[in-house]
Amino acid sequence: MRFTEQEHIDGFAKAFIEKSYRDRFSQIKSSKRVRDKVRVKLSHFNHFIDEKIHRVAGDLQNLESIYKLLINSLPHVPDEGYIVSENSEIDGKFYPLAECLVKVDGRGLSSIISIVPGKLAYYEGEDMGERCILKENI
């Protein structure tokens with residue numbers, strides 16, 4: 001099943017972002033200016049709902065392990081992700097999931113990969129080891 005950009009944005013905001021910042025994030029598709037403001041804040045993003053963040057353990061911080069963690073997180077995980085990133089080259093684009101991970105890995109630019117809107121996502125911050133799976137508690 002393929003999800004739209006808006007489904008990814010809205011689902012991610014509703015499920016994983018604190019209410020106080022949810023509307024701002026949901027508006028990233030409305031204008032380049034709003035999107036750029038949100039993208040700049042990704043590097044020190046502190047608006048996630050804490051209960052939904054699952055930090056990736058140090059011994060699992062490699063692409064193969066992260067990919068396996070993601071595809072085994074839910075039944076029927078699609079092989080596609082939508083990226084919101086500080087990196088303008090990949091921001092706002094869809095890629096196969098494994099390629100999403102390669103594109104955000106170790107770049108020093110924070111990124112979100114939405115995989116199943118409102119249910120499963122991945123965040124990689126700018127600092128080494130700052131990797132999290134965001135998962136709706138089902």
# chains A, B, ... in the order shown; residues from 1 in each chain; ligands from 1
>>> residues_around(residues="A:Lys37", least_positions_apart="6", cutoff="12 Å", atoms="only C-alpha atoms", output="PyMOL selection string")
chain A and resi 24-25+27-29+31+43+45+85-86
>>> residues_around(residues="A:Lys41", least_positions_apart="5", cutoff="12 Å", atoms="only C-alpha atoms", output="list in words")
Tyr21, Arg24, Phe25, Val34, Arg35, Asp36, Asn46, His47, Val84, Ser85, Glu86, Leu109, Ser110, Ser111, Ile112, Gly125 and Glu126 of chain A
>>> write_last_selection(atoms="N, CA and C atoms", output="mmCIF file, in the first residue's frame")
data_model
loop_
_atom_site.group_PDB
_atom_site.id
_atom_site.type_symbol
_atom_site.label_atom_id
_atom_site.label_comp_id
_atom_site.auth_asym_id
_atom_site.auth_seq_id
_atom_site.Cartn_x
_atom_site.Cartn_y
_atom_site.Cartn_z
ATOM 1 N N TYR A 21 3.182 21.370 19.333
ATOM 2 C CA TYR A 21 3.938 21.582 18.094
ATOM 3 C C TYR A 21 3.293 20.879 16.898
ATOM 4 N N ARG A 24 2.081 23.023 13.801
ATOM 5 C CA ARG A 24 3.221 23.571 13.047
ATOM 6 C C ARG A 24 3.800 22.504 12.121
ATOM 7 N N PHE A 25 4.015 21.300 12.663
ATOM 8 C CA PHE A 25 4.582 20.228 11.850
ATOM 9 C C PHE A 25 3.634 19.853 10.711
ATOM 10 N N VAL A 34 7.477 27.619 5.900
ATOM 11 C CA VAL A 34 7.107 26.832 7.081
ATOM 12 C C VAL A 34 7.922 25.546 7.118
ATOM 13 N N ARG A 35 8.044 24.889 5.978
ATOM 14 C CA ARG A 35 8.804 23.644 5.924
ATOM 15 C C ARG A 35 10.261 23.885 6.327
ATOM 16 N N ASP A 36 10.856 24.932 5.816
ATOM 17 C CA ASP A 36 12.252 25.238 6.144
ATOM 18 C C ASP A 36 12.434 25.501 7.640
ATOM 19 N N ASN A 46 12.817 18.485 20.099
ATOM 20 C CA ASN A 46 12.415 18.006 21.424
ATOM 21 C C ASN A 46 10.895 18.013 21.579
ATOM 22 N N HIS A 47 10.217 17.706 20.489
ATOM 23 C CA HIS A 47 8.758 17.721 20.498
ATOM 24 C C HIS A 47 8.144 16.336 20.302
ATOM 25 N N VAL A 84 11.488 13.527 5.824
ATOM 26 C CA VAL A 84 11.531 14.950 6.183
ATOM 27 C C VAL A 84 12.935 15.142 6.736
ATOM 28 N N SER A 85 13.705 16.050 6.140
ATOM 29 C CA SER A 85 15.119 16.125 6.496
ATOM 30 C C SER A 85 15.682 17.536 6.407
ATOM 31 N N GLU A 86 16.715 17.766 7.204
ATOM 32 C CA GLU A 86 17.508 18.990 7.056
ATOM 33 C C GLU A 86 18.218 18.987 5.703
ATOM 34 N N LEU A 109 23.028 15.340 9.484
ATOM 35 C CA LEU A 109 21.836 16.157 9.265
ATOM 36 C C LEU A 109 20.638 15.343 9.731
ATOM 37 N N SER A 110 19.816 15.917 10.568
ATOM 38 C CA SER A 110 18.695 15.179 11.158
ATOM 39 C C SER A 110 17.606 14.896 10.134
ATOM 40 N N SER A 111 17.006 13.711 10.277
ATOM 41 C CA SER A 111 15.966 13.279 9.344
ATOM 42 C C SER A 111 14.937 12.412 10.043
ATOM 43 N N ILE A 112 13.732 12.465 9.513
ATOM 44 C CA ILE A 112 12.642 11.587 9.920
ATOM 45 C C ILE A 112 12.263 10.765 8.703
ATOM 46 N N GLY A 125 19.168 11.767 14.435
ATOM 47 C CA GLY A 125 19.605 13.115 14.759
ATOM 48 C C GLY A 125 20.992 13.401 14.212
ATOM 49 N N GLU A 126 21.452 14.608 14.456
ATOM 50 C CA GLU A 126 22.756 15.003 13.924
ATOM 51 C C GLU A 126 23.921 14.410 14.712
#
>>> closest_residue(among="A:Leu69, A:Val77, A:Met128, A:Val102", to="A:Ser114", atoms="only C-alpha atoms")
A:Val77
>>> atom_distance(atom1="atom CA of A:His54", atom2="atom CA of A:Val116")
15.9 Å
>>> select_by_dssp(residues="stretch 85-133 of chain A", states="strand (DSSP E)", output="PyMOL selection string")
chain A and resi 85+94-95+111-116+120-124+131-133
>>> closest_atom_pairs(of="stretch 18-136 of chain A", to="stretch 7-14 of chain A", cutoff="6 Å", atoms="only C-alpha atoms", output="tab-separated table")
residue	atom	partner	partner_atom	distance
A:Arg22	CA	A:Ala13	CA	5.3
A:Ser26	CA	A:Asp10	CA	5.6
A:Pro117	CA	A:Gly11	CA	4.5
A:Gly118	CA	A:Gly11	CA	3.9
>>> residues_around(residues="A:Asp79", least_positions_apart="3", cutoff="9 Å", atoms="only C-alpha atoms", output="list in words")
Ile71, Tyr95, Pro96, Leu97, Ala98 and Ile115 of chain A
>>> atom_distance(atom1="atom CA of A:Gln6", atom2="atom CA of A:Glu80")
14.9 Å
